[in-house]
Amino acid sequence: MELNRRTVIAGAAAAGLGATTLGGTAHATGGRKPVKTLFGKLADGTKIYSWSLENGGTRLKVLSYGGIVQSLEIPDRRGRYANVSAGFDNIEDYVAKSPYFGALIGRYGNRIGQGKFTLDGKNYQLSVNDGEQSLHGGAKGFDKRVWDIEPFTKGSDVGLHLYYTSVDGEMGYPGTLKTKVTYTLTKHGDWRVDYEATTDKATVVNLTSHVYFNLAGEGSGTIEDHELQIAASRYTPTDSGLIPTGELAKVAGTPFDFRKAKPIGRDIRVSHPQLVTAKGFDHNWVLDKGITARPEHIATLRDPASGRTMKIATNEPGLQFYSGNFLDGTLTGPSGRTYRQGDALCLETQHFPDSPNKPSFPSTMLRPGQTYRTTTVHTFGC
(Lines give C-alpha, C1' and ligand atoms only; values in the text may rest on other atoms or scores of the structure.)
Protein backbone atom coordinates (compact mmCIF):
# COMPACT_ATOMS: atom_id res chain seq x y z
CA MET A 1 0.00 0.00 0.00
CA GLU A 2 1.28 3.47 -0.88
CA LEU A 3 1.42 5.65 2.21
CA ASN A 4 0.62 9.33 2.22
CA ARG A 5 3.95 11.14 2.25
CA ARG A 6 2.80 13.77 4.73
CA THR A 7 1.72 10.97 7.09
CA VAL A 8 5.21 9.44 6.93
CA ILE A 9 6.90 12.79 7.60
CA ALA A 10 4.52 13.69 10.42
CA GLY A 11 4.91 10.23 11.93
CA ALA A 12 8.67 10.53 11.94
CA ALA A 13 8.42 13.92 13.63
CA ALA A 14 6.02 12.57 16.26
CA ALA A 15 8.46 9.78 17.04
CA GLY A 16 11.15 12.38 17.65
CA LEU A 17 13.20 11.51 14.58
CA GLY A 18 15.06 14.60 13.42
CA ALA A 19 16.33 15.26 9.93
CA THR A 20 20.05 15.02 9.41
CA THR A 21 22.14 15.00 6.26
CA LEU A 22 21.69 12.76 3.23
CA GLY A 23 20.34 9.46 4.50
CA GLY A 24 18.76 11.14 7.54
CA THR A 25 15.13 10.91 8.54
CA ALA A 26 12.29 13.08 7.32
CA HIS A 27 10.59 15.55 9.59
CA ALA A 28 7.72 17.97 9.19
CA THR A 29 9.10 21.19 7.78
CA GLY A 30 7.94 24.52 6.49
CA GLY A 31 9.51 26.52 3.72
CA ARG A 32 12.95 27.93 4.40
CA LYS A 33 14.52 30.88 2.67
CA PRO A 34 16.85 29.61 -0.10
CA VAL A 35 20.52 29.58 0.91
CA LYS A 36 23.30 30.53 -1.50
CA THR A 37 26.81 29.05 -1.28
CA LEU A 38 29.84 29.00 -3.59
CA PHE A 39 30.01 25.70 -5.52
CA GLY A 40 33.10 26.39 -7.64
CA LYS A 41 34.59 28.47 -10.42
CA LEU A 42 34.77 28.11 -14.19
CA ALA A 43 38.13 28.26 -15.96
CA ASP A 44 37.63 31.98 -16.65
CA GLY A 45 37.03 32.69 -12.96
CA THR A 46 33.23 32.94 -13.12
CA LYS A 47 31.79 31.93 -9.76
CA ILE A 48 29.16 29.21 -9.76
CA TYR A 49 26.72 29.16 -6.86
CA SER A 50 24.57 26.47 -5.31
CA TRP A 51 21.12 27.36 -3.99
CA SER A 52 19.59 25.10 -1.34
CA LEU A 53 15.82 24.95 -0.82
CA GLU A 54 13.67 22.93 1.55
CA ASN A 55 9.90 22.70 1.86
CA GLY A 56 7.28 20.08 2.67
CA GLY A 57 9.91 17.41 3.25
CA THR A 58 11.70 17.90 -0.09
CA ARG A 59 15.24 19.27 -0.36
CA LEU A 60 16.59 20.71 -3.59
CA LYS A 61 20.01 22.05 -4.61
CA VAL A 62 20.31 24.05 -7.84
CA LEU A 63 23.40 25.41 -9.58
CA SER A 64 23.66 28.70 -11.43
CA TYR A 65 25.58 26.76 -14.11
CA GLY A 66 23.00 25.21 -16.43
CA GLY A 67 20.19 25.63 -13.90
CA ILE A 68 21.31 22.16 -12.83
CA VAL A 69 19.47 20.18 -10.18
CA GLN A 70 22.57 18.99 -8.34
CA SER A 71 20.65 17.17 -5.62
CA LEU A 72 17.01 16.24 -4.95
CA GLU A 73 16.39 14.55 -1.60
CA ILE A 74 13.11 12.89 -0.66
CA PRO A 75 12.20 10.40 2.09
CA ASP A 76 11.28 6.74 1.71
CA ARG A 77 8.43 4.89 3.43
CA ARG A 78 10.43 4.92 6.69
CA GLY A 79 11.19 8.61 6.47
CA ARG A 80 14.82 8.09 5.42
CA TYR A 81 16.22 10.61 2.95
CA ALA A 82 18.16 9.85 -0.22
CA ASN A 83 19.31 11.97 -3.13
CA VAL A 84 17.38 10.61 -6.13
CA SER A 85 19.15 12.70 -8.80
CA ALA A 86 22.37 11.60 -10.53
CA GLY A 87 25.13 14.18 -10.87
CA PHE A 88 28.53 15.31 -9.63
CA ASP A 89 29.93 16.98 -6.51
CA ASN A 90 32.17 19.44 -8.40
CA ILE A 91 31.83 21.99 -11.19
CA GLU A 92 34.77 20.60 -13.19
CA ASP A 93 32.97 17.35 -13.95
CA TYR A 94 29.76 19.17 -14.92
CA VAL A 95 31.73 21.25 -17.42
CA ALA A 96 33.89 18.46 -18.86
CA LYS A 97 31.86 15.26 -18.58
CA SER A 98 28.18 15.76 -17.95
CA PRO A 99 25.60 13.96 -20.13
CA TYR A 100 23.14 16.75 -19.22
CA PHE A 101 22.84 15.63 -15.57
CA GLY A 102 20.03 17.67 -13.97
CA ALA A 103 20.24 20.48 -16.52
CA LEU A 104 17.81 22.96 -18.01
CA ILE A 105 17.63 22.22 -21.73
CA GLY A 106 17.20 24.79 -24.49
CA ARG A 107 16.81 26.41 -26.85
CA TYR A 108 15.38 23.17 -28.19
CA GLY A 109 15.09 20.03 -26.08
CA ASN A 110 15.79 16.73 -27.85
CA ARG A 111 16.97 16.30 -31.45
CA ILE A 112 16.57 18.25 -34.69
CA GLY A 113 17.52 16.21 -37.76
CA GLN A 114 20.83 17.30 -39.34
CA GLY A 115 20.52 20.51 -37.30
CA LYS A 116 18.41 22.08 -40.04
CA PHE A 117 14.97 23.61 -40.31
CA THR A 118 13.15 26.17 -42.42
CA LEU A 119 11.08 28.96 -40.90
CA ASP A 120 9.17 31.58 -42.92
CA GLY A 121 11.03 30.47 -46.04
CA LYS A 122 14.50 30.90 -44.52
CA ASN A 123 16.85 27.99 -43.90
CA TYR A 124 18.68 27.72 -40.59
CA GLN A 125 21.73 25.61 -39.77
CA LEU A 126 22.15 24.82 -36.08
CA SER A 127 25.09 23.58 -34.08
CA VAL A 128 25.47 19.84 -34.72
CA ASN A 129 26.68 17.90 -31.69
CA ASP A 130 25.19 14.38 -31.87
CA GLY A 131 26.45 12.69 -35.00
CA GLU A 132 24.58 14.50 -37.79
CA GLN A 133 21.94 15.87 -35.40
CA SER A 134 21.54 18.89 -33.17
CA LEU A 135 20.82 17.71 -29.63
CA HIS A 136 19.49 19.77 -26.70
CA GLY A 137 20.29 23.15 -28.23
CA GLY A 138 23.70 22.39 -29.70
CA ALA A 139 27.29 22.27 -28.48
CA LYS A 140 26.71 25.06 -25.95
CA GLY A 141 23.04 24.96 -25.10
CA PHE A 142 21.27 26.36 -22.06
CA ASP A 143 22.76 23.53 -19.97
CA LYS A 144 26.21 25.11 -20.36
CA ARG A 145 25.21 28.72 -19.67
CA VAL A 146 25.38 30.65 -16.41
CA TRP A 147 21.90 31.66 -15.25
CA ASP A 148 20.99 34.65 -13.11
CA ILE A 149 19.08 33.41 -10.06
CA GLU A 150 16.66 35.28 -7.82
CA PRO A 151 15.29 33.49 -4.71
CA PHE A 152 11.74 34.03 -3.50
CA THR A 153 9.24 33.07 -0.86
CA LYS A 154 5.55 33.40 -1.67
CA GLY A 155 3.02 32.38 0.94
CA SER A 156 3.91 28.81 1.88
CA ASP A 157 6.05 28.30 -1.28
CA VAL A 158 9.78 28.79 -1.71
CA GLY A 159 11.70 28.86 -4.94
CA LEU A 160 14.06 30.33 -7.48
CA HIS A 161 13.58 32.43 -10.59
CA LEU A 162 16.26 31.64 -13.18
CA TYR A 163 16.96 34.01 -16.08
CA TYR A 164 18.94 33.63 -19.28
CA THR A 165 18.92 35.64 -22.51
CA SER A 166 19.93 33.77 -25.65
CA VAL A 167 21.07 36.24 -28.31
CA ASP A 168 20.03 36.15 -31.96
CA GLY A 169 22.11 33.56 -33.80
CA GLU A 170 23.29 31.68 -30.73
CA MET A 171 23.87 28.04 -31.76
CA GLY A 172 22.25 29.03 -35.09
CA TYR A 173 18.80 29.90 -33.70
CA PRO A 174 17.05 33.05 -34.88
CA GLY A 175 15.82 35.74 -32.50
CA THR A 176 16.86 36.97 -29.07
CA LEU A 177 15.07 34.69 -26.63
CA LYS A 178 14.47 35.95 -23.09
CA THR A 179 13.94 32.95 -20.84
CA LYS A 180 12.62 32.67 -17.30
CA VAL A 181 12.36 29.35 -15.47
CA THR A 182 10.86 29.10 -12.00
CA TYR A 183 11.61 26.25 -9.61
CA THR A 184 9.08 26.06 -6.77
CA LEU A 185 8.89 23.78 -3.76
CA THR A 186 5.33 23.79 -2.40
CA LYS A 187 4.25 23.23 1.20
CA HIS A 188 3.43 19.63 0.24
CA GLY A 189 6.93 19.04 -1.14
CA ASP A 190 5.97 19.15 -4.82
CA TRP A 191 8.62 20.39 -7.23
CA ARG A 192 7.05 22.63 -9.86
CA VAL A 193 8.87 23.93 -12.94
CA ASP A 194 7.38 26.86 -14.89
CA TYR A 195 8.98 27.86 -18.19
CA GLU A 196 8.46 31.22 -19.94
CA ALA A 197 10.10 32.75 -23.01
CA THR A 198 9.64 35.65 -25.42
CA THR A 199 11.39 36.46 -28.69
CA ASP A 200 11.98 39.45 -30.98
CA LYS A 201 12.05 37.26 -34.12
CA ALA A 202 10.23 34.11 -35.18
CA THR A 203 12.03 31.10 -33.72
CA VAL A 204 11.49 27.61 -32.31
CA VAL A 205 11.64 26.74 -28.63
CA ASN A 206 11.22 23.55 -26.61
CA LEU A 207 12.42 23.80 -23.01
CA THR A 208 12.67 20.89 -20.60
CA SER A 209 14.51 19.48 -17.58
CA HIS A 210 17.03 16.65 -17.84
CA VAL A 211 17.17 15.21 -14.32
CA TYR A 212 18.39 11.61 -14.15
CA PHE A 213 16.22 9.88 -11.53
CA ASN A 214 16.86 6.82 -9.41
CA LEU A 215 14.24 6.64 -6.66
CA ALA A 216 16.29 4.06 -4.75
CA GLY A 217 18.99 6.71 -4.40
CA GLU A 218 21.84 8.07 -6.48
CA GLY A 219 24.53 5.43 -7.05
CA SER A 220 22.32 2.57 -5.80
CA GLY A 221 22.36 0.60 -9.05
CA THR A 222 19.86 -0.28 -11.75
CA ILE A 223 16.46 1.31 -12.33
CA GLU A 224 15.18 -1.75 -14.20
CA ASP A 225 13.11 -2.80 -11.16
CA HIS A 226 11.40 0.62 -11.02
CA GLU A 227 7.78 0.47 -12.13
CA LEU A 228 6.69 3.03 -14.74
CA GLN A 229 3.28 4.04 -16.06
CA ILE A 230 2.80 6.46 -18.97
CA ALA A 231 -0.64 7.62 -20.16
CA ALA A 232 0.14 7.27 -23.85
CA SER A 233 -1.32 5.00 -26.52
CA ARG A 234 1.22 6.01 -29.17
CA TYR A 235 4.90 6.86 -29.49
CA THR A 236 7.16 8.27 -32.22
CA PRO A 237 9.47 5.61 -33.75
CA THR A 238 12.88 6.86 -34.86
CA ASP A 239 15.42 6.24 -37.59
CA SER A 240 19.03 5.19 -37.00
CA GLY A 241 19.89 8.74 -35.90
CA LEU A 242 17.09 8.70 -33.29
CA ILE A 243 15.09 11.22 -35.34
CA PRO A 244 11.31 10.55 -35.44
CA THR A 245 10.13 9.13 -38.76
CA GLY A 246 6.85 11.06 -38.45
CA GLU A 247 4.79 7.98 -37.63
CA LEU A 248 2.62 7.93 -34.51
CA ALA A 249 2.80 4.22 -33.77
CA LYS A 250 0.53 2.34 -31.40
CA VAL A 251 2.18 1.02 -28.24
CA ALA A 252 -0.27 -1.89 -27.96
CA GLY A 253 1.49 -5.23 -28.33
CA THR A 254 4.98 -3.67 -28.13
CA PRO A 255 7.59 -3.11 -25.38
CA PHE A 256 6.54 0.56 -25.48
CA ASP A 257 3.21 -0.12 -23.79
CA PHE A 258 3.39 1.48 -20.34
CA ARG A 259 -0.31 2.27 -20.07
CA LYS A 260 -0.33 -0.04 -17.07
CA ALA A 261 2.56 0.17 -14.65
CA LYS A 262 5.29 -2.41 -15.25
CA PRO A 263 8.94 -2.90 -14.31
CA ILE A 264 11.21 -1.08 -16.75
CA GLY A 265 13.39 -4.14 -17.10
CA ARG A 266 10.54 -6.42 -18.17
CA ASP A 267 10.81 -5.60 -21.88
CA ILE A 268 13.97 -3.52 -22.19
CA ARG A 269 15.98 -6.41 -23.68
CA VAL A 270 13.29 -7.61 -26.07
CA SER A 271 14.64 -7.86 -29.62
CA HIS A 272 12.56 -5.01 -30.99
CA PRO A 273 14.21 -2.93 -33.77
CA GLN A 274 13.54 0.34 -31.94
CA LEU A 275 15.13 -0.93 -28.71
CA VAL A 276 18.13 -2.29 -30.61
CA THR A 277 18.75 1.04 -32.35
CA ALA A 278 18.47 3.12 -29.15
CA LYS A 279 20.14 0.51 -26.90
CA GLY A 280 17.03 0.70 -24.72
CA PHE A 281 14.26 3.24 -24.35
CA ASP A 282 15.05 6.69 -25.77
CA HIS A 283 11.75 7.71 -27.34
CA ASN A 284 8.97 10.24 -27.23
CA TRP A 285 5.58 9.07 -25.99
CA VAL A 286 2.54 10.84 -27.49
CA LEU A 287 0.47 11.66 -24.41
CA ASP A 288 -3.21 10.78 -24.72
CA LYS A 289 -4.29 14.09 -23.20
CA GLY A 290 -2.53 16.22 -25.82
CA ILE A 291 -1.76 19.87 -25.06
CA THR A 292 -3.76 21.09 -22.07
CA ALA A 293 -4.37 24.44 -20.42
CA ARG A 294 -3.23 23.10 -17.04
CA PRO A 295 -0.84 20.35 -16.01
CA GLU A 296 -2.48 16.91 -16.00
CA HIS A 297 -1.10 13.67 -14.57
CA ILE A 298 0.70 11.68 -17.28
CA ALA A 299 3.22 9.38 -15.61
CA THR A 300 4.05 7.60 -12.36
CA LEU A 301 7.43 6.15 -11.37
CA ARG A 302 7.77 3.86 -8.33
CA ASP A 303 10.64 2.12 -6.61
CA PRO A 304 9.16 -0.93 -4.83
CA ALA A 305 12.13 -1.35 -2.48
CA SER A 306 12.04 2.14 -0.91
CA GLY A 307 8.39 2.88 -1.59
CA ARG A 308 9.29 6.24 -3.15
CA THR A 309 7.00 7.39 -5.94
CA MET A 310 7.03 10.31 -8.33
CA LYS A 311 3.97 11.46 -10.24
CA ILE A 312 4.42 13.86 -13.14
CA ALA A 313 1.83 16.31 -14.41
CA THR A 314 2.33 18.59 -17.41
CA ASN A 315 0.52 20.56 -20.08
CA GLU A 316 3.00 19.36 -22.72
CA PRO A 317 1.96 16.81 -25.42
CA GLY A 318 5.00 14.54 -25.18
CA LEU A 319 7.26 12.71 -22.74
CA GLN A 320 10.76 11.50 -23.59
CA PHE A 321 11.63 8.41 -21.57
CA TYR A 322 15.38 7.74 -21.63
CA SER A 323 16.58 4.68 -19.74
CA GLY A 324 20.20 5.78 -19.26
CA ASN A 325 21.44 3.70 -22.19
CA PHE A 326 24.74 5.52 -22.69
CA LEU A 327 25.95 5.55 -19.08
CA ASP A 328 29.03 3.37 -19.32
CA GLY A 329 30.74 3.30 -15.93
CA THR A 330 33.15 6.15 -16.66
CA LEU A 331 31.28 8.73 -14.53
CA THR A 332 31.30 8.84 -10.73
CA GLY A 333 28.60 10.50 -8.64
CA PRO A 334 28.64 12.14 -5.18
CA SER A 335 28.17 8.70 -3.60
CA GLY A 336 31.55 7.63 -4.95
CA ARG A 337 29.87 5.00 -7.12
CA THR A 338 30.05 4.81 -10.90
CA TYR A 339 27.04 5.12 -13.19
CA ARG A 340 26.52 2.16 -15.49
CA GLN A 341 23.95 1.54 -18.19
CA GLY A 342 20.46 1.78 -16.74
CA ASP A 343 21.51 3.25 -13.38
CA ALA A 344 19.24 6.29 -13.82
CA LEU A 345 16.45 7.46 -16.14
CA CYS A 346 15.04 10.67 -17.54
CA LEU A 347 11.39 11.65 -18.01
CA GLU A 348 11.49 14.85 -20.08
CA THR A 349 8.18 16.63 -20.68
CA GLN A 350 8.30 18.26 -24.10
CA HIS A 351 6.98 18.92 -27.57
CA PHE A 352 8.08 16.21 -29.98
CA PRO A 353 11.65 15.83 -31.31
CA ASP A 354 12.30 17.30 -34.77
CA SER A 355 8.95 19.14 -34.71
CA PRO A 356 10.31 22.04 -36.83
CA ASN A 357 10.68 19.51 -39.68
CA LYS A 358 7.45 17.60 -39.08
CA PRO A 359 4.37 19.71 -39.98
CA SER A 360 2.09 17.01 -38.54
CA PHE A 361 3.66 17.37 -35.08
CA PRO A 362 2.54 20.08 -32.60
CA SER A 363 4.27 23.33 -33.51
CA THR A 364 7.20 24.67 -31.50
CA MET A 365 7.19 28.04 -33.27
CA LEU A 366 7.26 31.24 -31.19
CA ARG A 367 6.68 34.67 -32.69
CA PRO A 368 7.16 38.22 -31.37
CA GLY A 369 4.26 39.22 -29.14
CA GLN A 370 3.68 35.64 -28.00
CA THR A 371 4.82 34.13 -24.70
CA TYR A 372 5.95 30.53 -24.46
CA ARG A 373 4.57 29.00 -21.26
CA THR A 374 4.64 25.45 -20.00
CA THR A 375 4.56 23.78 -16.58
CA THR A 376 5.60 20.44 -15.14
CA VAL A 377 4.88 19.31 -11.57
CA HIS A 378 6.65 16.44 -9.76
CA THR A 379 4.71 15.07 -6.80
CA PHE A 380 6.60 12.74 -4.48
CA GLY A 381 5.13 10.01 -2.31
CA CYS A 382 6.14 6.97 -0.31
# chains A, B, ... in the order shown; residues from 1 in each chain; ligands from 1
$ residues_around --residues "region 53-55 of chain A" --least-positions-apart "2" --cutoff "8 Å" --atoms "only C-alpha atoms" --output "short mmCIF file (atom, residue, chain, number, x, y, z; two decimals) with N, CA, C and O atoms, in the first residue's frame"
data_model
loop_
_atom_site.label_atom_id
_atom_site.label_comp_id
_atom_site.auth_asym_id
_atom_site.auth_seq_id
_atom_site.Cartn_x
_atom_site.Cartn_y
_atom_site.Cartn_z
N THR A 29 8.33 19.97 7.98
CA THR A 29 9.10 21.19 7.78
C THR A 29 8.31 22.20 6.97
O THR A 29 7.56 21.84 6.07
N GLY A 30 8.50 23.45 7.29
CA GLY A 30 7.94 24.52 6.49
C GLY A 30 8.98 25.02 5.52
O GLY A 30 10.11 24.56 5.50
N GLY A 31 8.58 25.98 4.68
CA GLY A 31 9.51 26.52 3.72
C GLY A 31 10.61 27.31 4.39
O GLY A 31 10.38 28.03 5.38
N ARG A 32 11.82 27.17 3.90
CA ARG A 32 12.95 27.93 4.40
C ARG A 32 13.51 28.80 3.30
O ARG A 32 13.56 28.39 2.15
N LYS A 33 13.96 29.97 3.65
CA LYS A 33 14.52 30.88 2.67
C LYS A 33 15.70 30.21 1.96
O LYS A 33 16.57 29.62 2.61
N PRO A 34 15.74 30.23 0.62
CA PRO A 34 16.85 29.61 -0.10
C PRO A 34 18.20 30.14 0.35
O PRO A 34 18.36 31.34 0.62
N VAL A 35 19.18 29.24 0.44
CA VAL A 35 20.52 29.58 0.91
C VAL A 35 21.51 29.45 -0.24
O VAL A 35 21.53 28.44 -0.95
N TRP A 51 22.25 26.87 -4.79
CA TRP A 51 21.12 27.36 -3.99
C TRP A 51 20.42 26.15 -3.37
O TRP A 51 20.03 25.21 -4.07
N GLY A 57 9.19 18.68 3.21
CA GLY A 57 9.91 17.41 3.25
C GLY A 57 10.78 17.13 2.05
O GLY A 57 11.40 16.08 1.97
N THR A 58 10.84 18.05 1.09
CA THR A 58 11.70 17.90 -0.09
C THR A 58 12.86 18.88 0.00
O THR A 58 12.67 20.04 0.38
N ARG A 59 14.04 18.43 -0.36
CA ARG A 59 15.24 19.27 -0.36
C ARG A 59 15.80 19.32 -1.78
O ARG A 59 15.94 18.29 -2.44
N LEU A 60 16.14 20.50 -2.21
CA LEU A 60 16.59 20.71 -3.59
C LEU A 60 17.82 21.59 -3.60
O LEU A 60 17.86 22.61 -2.90
N LYS A 61 18.84 21.22 -4.39
CA LYS A 61 20.01 22.05 -4.61
C LYS A 61 20.14 22.33 -6.10
O LYS A 61 20.12 21.39 -6.90
N ASP A 157 5.13 28.82 -0.27
CA ASP A 157 6.05 28.30 -1.28
C ASP A 157 7.42 28.96 -1.17
O ASP A 157 7.54 30.12 -0.74
N VAL A 158 8.44 28.23 -1.57
CA VAL A 158 9.78 28.79 -1.71
C VAL A 158 10.31 28.40 -3.09
O VAL A 158 9.89 27.39 -3.66
N GLY A 159 11.21 29.22 -3.61
CA GLY A 159 11.70 28.86 -4.94
C GLY A 159 12.76 29.78 -5.47
O GLY A 159 13.29 30.66 -4.77
N LEU A 185 9.22 24.85 -4.68
CA LEU A 185 8.89 23.78 -3.76
C LEU A 185 7.65 24.21 -2.98
O LEU A 185 7.67 25.25 -2.31
N THR A 186 6.58 23.44 -3.07
CA THR A 186 5.33 23.79 -2.40
C THR A 186 5.34 23.27 -0.95
O THR A 186 6.21 22.49 -0.55
N LYS A 187 4.34 23.66 -0.20
CA LYS A 187 4.25 23.23 1.20
C LYS A 187 4.05 21.72 1.32
O LYS A 187 4.29 21.14 2.38
N HIS A 188 3.61 21.09 0.24
CA HIS A 188 3.43 19.63 0.24
C HIS A 188 4.66 18.90 -0.28
O HIS A 188 4.66 17.66 -0.40
N GLY A 189 5.71 19.66 -0.64
CA GLY A 189 6.93 19.04 -1.14
C GLY A 189 6.95 18.78 -2.63
O GLY A 189 7.87 18.13 -3.13
#
$ closest_residue --among "A:Asp328, A:Asp257, A:Glu150, A:Asp89" --to "Arg234 (chain A)" --atoms "only C-alpha atoms"
A:Asp257
$ closest_residue --among "A:His226, A:Leu38, A:Trp285, A:Lys97" --to "Glu247 (chain A)" --atoms "only C-alpha atoms"
A:Trp285
$ closest_atom_pairs --of "region 158-273 of chain A" --to "region 338-351 of chain A" --cutoff "6 Å" --atoms "only C-alpha atoms" --output "tab-separated table"
residue	atom	partner	partner_atom	distance
A:Val211	CA	A:Cys346	CA	6.0
A:Tyr212	CA	A:Cys346	CA	4.9
A:Phe213	CA	A:Leu345	CA	5.2
A:Asn214	CA	A:Ala344	CA	5.0
A:Gly221	CA	A:Asp343	CA	5.1
A:Thr222	CA	A:Asp343	CA	4.2
A:Ile223	CA	A:Asp343	CA	5.5
$ select_by_dssp --residues "region 53-165 of chain A" --states "helix (DSSP H, G or I)" --output "list of chain:residue names"
A:Ile91, A:Glu92, A:Asp93, A:Tyr94, A:Val95, A:Ala96, A:Gly113, A:Gln114, A:Gly115, A:Phe142, A:Asp143, A:Lys144
$ decode --residues "region 236-247 of chain A" --atoms "all heavy atoms" --output "PDB file, in the first residue's frame"
ATOM      1  N   THR A 236       6.585   7.872 -30.928  1.00  0.00           N
ATOM      2  CA  THR A 236       7.155   8.268 -32.221  1.00  0.00           C
ATOM      3  C   THR A 236       8.410   7.438 -32.507  1.00  0.00           C
ATOM      4  O   THR A 236       9.478   7.709 -31.959  1.00  0.00           O
ATOM      5  CB  THR A 236       7.506   9.773 -32.239  1.00  0.00           C
ATOM      6  OG1 THR A 236       8.334  10.094 -31.110  1.00  0.00           O
ATOM      7  CG2 THR A 236       6.237  10.618 -32.168  1.00  0.00           C
ATOM      8  N   PRO A 237       8.295   6.410 -33.366  1.00  0.00           N
ATOM      9  CA  PRO A 237       9.469   5.613 -33.749  1.00  0.00           C
ATOM     10  C   PRO A 237      10.530   6.502 -34.404  1.00  0.00           C
ATOM     11  O   PRO A 237      10.212   7.563 -34.978  1.00  0.00           O
ATOM     12  CB  PRO A 237       8.907   4.603 -34.752  1.00  0.00           C
ATOM     13  CG  PRO A 237       7.442   4.550 -34.471  1.00  0.00           C
ATOM     14  CD  PRO A 237       7.068   5.933 -34.019  1.00  0.00           C
ATOM     15  N   THR A 238      11.777   6.053 -34.338  1.00  0.00           N
ATOM     16  CA  THR A 238      12.884   6.856 -34.861  1.00  0.00           C
ATOM     17  C   THR A 238      13.680   6.088 -35.907  1.00  0.00           C
ATOM     18  O   THR A 238      13.594   4.860 -36.012  1.00  0.00           O
ATOM     19  CB  THR A 238      13.833   7.268 -33.726  1.00  0.00           C
ATOM     20  OG1 THR A 238      14.473   6.107 -33.191  1.00  0.00           O
ATOM     21  CG2 THR A 238      13.085   7.994 -32.626  1.00  0.00           C
ATOM     22  N   ASP A 239      14.495   6.852 -36.642  1.00  0.00           N
ATOM     23  CA  ASP A 239      15.415   6.238 -37.586  1.00  0.00           C
ATOM     24  C   ASP A 239      16.731   5.927 -36.867  1.00  0.00           C
ATOM     25  O   ASP A 239      16.820   6.033 -35.631  1.00  0.00           O
ATOM     26  CB  ASP A 239      15.618   7.132 -38.807  1.00  0.00           C
ATOM     27  CG  ASP A 239      16.239   8.488 -38.469  1.00  0.00           C
ATOM     28  OD1 ASP A 239      16.846   8.636 -37.380  1.00  0.00           O
ATOM     29  OD2 ASP A 239      16.130   9.415 -39.297  1.00  0.00           O
ATOM     30  N   SER A 240      17.754   5.582 -37.605  1.00  0.00           N
ATOM     31  CA  SER A 240      19.029   5.190 -37.003  1.00  0.00           C
ATOM     32  C   SER A 240      19.718   6.334 -36.274  1.00  0.00           C
ATOM     33  O   SER A 240      20.579   6.100 -35.423  1.00  0.00           O
ATOM     34  CB  SER A 240      19.969   4.628 -38.074  1.00  0.00           C
ATOM     35  OG  SER A 240      20.221   5.602 -39.083  1.00  0.00           O
ATOM     36  N   GLY A 241      19.336   7.587 -36.594  1.00  0.00           N
ATOM     37  CA  GLY A 241      19.886   8.741 -35.903  1.00  0.00           C
ATOM     38  C   GLY A 241      19.030   9.212 -34.752  1.00  0.00           C
ATOM     39  O   GLY A 241      19.256  10.291 -34.193  1.00  0.00           O
ATOM     40  N   LEU A 242      18.039   8.403 -34.363  1.00  0.00           N
ATOM     41  CA  LEU A 242      17.093   8.696 -33.285  1.00  0.00           C
ATOM     42  C   LEU A 242      16.237   9.927 -33.589  1.00  0.00           C
ATOM     43  O   LEU A 242      15.774  10.619 -32.679  1.00  0.00           O
ATOM     44  CB  LEU A 242      17.814   8.855 -31.941  1.00  0.00           C
ATOM     45  CG  LEU A 242      18.611   7.619 -31.482  1.00  0.00           C
ATOM     46  CD1 LEU A 242      19.234   7.861 -30.116  1.00  0.00           C
ATOM     47  CD2 LEU A 242      17.728   6.381 -31.453  1.00  0.00           C
ATOM     48  N   ILE A 243      15.986  10.159 -34.880  1.00  0.00           N
ATOM     49  CA  ILE A 243      15.093  11.219 -35.337  1.00  0.00           C
ATOM     50  C   ILE A 243      13.741  10.585 -35.668  1.00  0.00           C
ATOM     51  O   ILE A 243      13.674   9.584 -36.387  1.00  0.00           O
ATOM     52  CB  ILE A 243      15.650  11.922 -36.588  1.00  0.00           C
ATOM     53  CG1 ILE A 243      16.995  12.578 -36.267  1.00  0.00           C
ATOM     54  CG2 ILE A 243      14.665  12.970 -37.111  1.00  0.00           C
ATOM     55  CD1 ILE A 243      16.938  13.658 -35.217  1.00  0.00           C
ATOM     56  N   PRO A 244      12.631  11.125 -35.149  1.00  0.00           N
ATOM     57  CA  PRO A 244      11.314  10.548 -35.445  1.00  0.00           C
ATOM     58  C   PRO A 244      11.057  10.454 -36.947  1.00  0.00           C
ATOM     59  O   PRO A 244      11.401  11.362 -37.717  1.00  0.00           O
ATOM     60  CB  PRO A 244      10.340  11.532 -34.781  1.00  0.00           C
ATOM     61  CG  PRO A 244      11.121  12.129 -33.667  1.00  0.00           C
ATOM     62  CD  PRO A 244      12.531  12.251 -34.199  1.00  0.00           C
ATOM     63  N   THR A 245      10.460   9.345 -37.343  1.00  0.00           N
ATOM     64  CA  THR A 245      10.128   9.133 -38.756  1.00  0.00           C
ATOM     65  C   THR A 245       8.892   9.917 -39.169  1.00  0.00           C
ATOM     66  O   THR A 245       8.637  10.093 -40.358  1.00  0.00           O
ATOM     67  CB  THR A 245       9.859   7.649 -39.014  1.00  0.00           C
ATOM     68  OG1 THR A 245       8.722   7.234 -38.229  1.00  0.00           O
ATOM     69  CG2 THR A 245      11.064   6.800 -38.643  1.00  0.00           C
ATOM     70  N   GLY A 246       8.120  10.373 -38.198  1.00  0.00           N
ATOM     71  CA  GLY A 246       6.853  11.057 -38.454  1.00  0.00           C
ATOM     72  C   GLY A 246       5.651  10.194 -38.134  1.00  0.00           C
ATOM     73  O   GLY A 246       4.528  10.680 -38.016  1.00  0.00           O
ATOM     74  N   GLU A 247       5.880   8.898 -37.973  1.00  0.00           N
ATOM     75  CA  GLU A 247       4.795   7.977 -37.630  1.00  0.00           C
ATOM     76  C   GLU A 247       4.410   8.129 -36.162  1.00  0.00           C
ATOM     77  O   GLU A 247       5.272   8.335 -35.293  1.00  0.00           O
ATOM     78  CB  GLU A 247       5.239   6.535 -37.889  1.00  0.00           C
ATOM     79  CG  GLU A 247       4.192   5.483 -37.537  1.00  0.00           C
ATOM     80  CD  GLU A 247       4.709   4.066 -37.629  1.00  0.00           C
ATOM     81  OE1 GLU A 247       5.919   3.887 -37.892  1.00  0.00           O
ATOM     82  OE2 GLU A 247       3.901   3.127 -37.432  1.00  0.00           O
TER      83      GLU A 247
END
